[in-house]
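Here's the structure, in structure tokens; my notes come after.
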Amino acid sequence: MFNLQQIFSVTLTLFAVIDIIGSIPIIIQIRQREGKIKAELATFVAGCLMVVFLFLGQSILRLLGVDNESFALAGAVIIFLIGLEMILGIQLFHSDLTASTGSIVPLAFPLITGAGTMTTLLSLRAAYTLPNILVGILLNLVFVYAVLKTSPWIERKLGKAGEDVLRRVFGVILLAIAIKLFKANF
């Protein structure tokens, strides 16, 4: 039933796609804008989205008449816009500060569980058994939660200058990822 090699492969694949370390500047930006991040809520929502998409993703896309390439392109546009926010220091995704929804959008979706993660889950489902994929998801969620929970400490260690540099560097990386997704699916 459980296979350590499959669990390891799934965990590493999802870790690379989710890239929670690369999302630290965005996490800090959301926390500054909203005052705090609800780590438990963001992790729970991201986990639910991953599990639901693992089981129903292909059916949902088929029902909506959306192919994988179109779904990936939509994710590329969102990633591109987030990258622009980071580089230019502007705010494209406006949120109601009283609603405090930044832990869900854009954090849980599309940063943690975005088009790349969802497409990867569909691919993993074809190659690995469900119990091993579920364990890989769980292990990634534990790491995501740890990063979200320690984001104030990470921000203090980086300082304002470190945060600005990191935000712009990862903004450029997000733009490059978005363009790569766009080229691969257009």
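Starting from 1 in every chain, residues are counted up; chains themselves are A, B, ... following the order of the structure tokens, and ligands are numbered from 1 as listed.
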
Write out as a list in words the residues lying within 12 Å of Leu175 (chain A), counting only C-alpha atoms and excluding same-chain residues fewer than 5 positions away. Gly75, Ala76, Val77, Ile78, Ile79, Phe80, Leu81, Ile82, Gly83, Leu84, Glu85, Met86, Ile87, Leu88, Arg168, Val169, Phe170, Lys180, Leu181 and Phe182 of chain A

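Considering only C-alpha atoms, the residue among A:Gly57, A:Pro152, A:Pro25, A:Gly102 positioned nearest to Lys38 (chain A) is A:Gly102.
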
Taking 5 positions as the minimum chain separation for residues in the same chain, which residues sit within 7 Å of Ala46 (chain A) when counting only C-alpha atoms? Answer as a PyMOL selection string. chain A and resi 108-109+112-113

Identify all residues of region 15-70 of chain A in alpha helix (DSSP H) (DSSP on the backbone) and supply them as a VMD selection string. chain A and resid 15 to 18 24 to 34 39 to 64 68 to 70

Would you mind telling me which residue in A:Ser151, A:Ser103, A:Thr117, A:Ser123 lies nearest to Glu34 (chain A) when using only C-alpha atoms? A:Ser103

Across A:Leu134, A:Val172, A:Val142, A:Ile30, the smallest distance to Phe55 (chain A), with only C-alpha atoms counted, is shown by A:Leu134
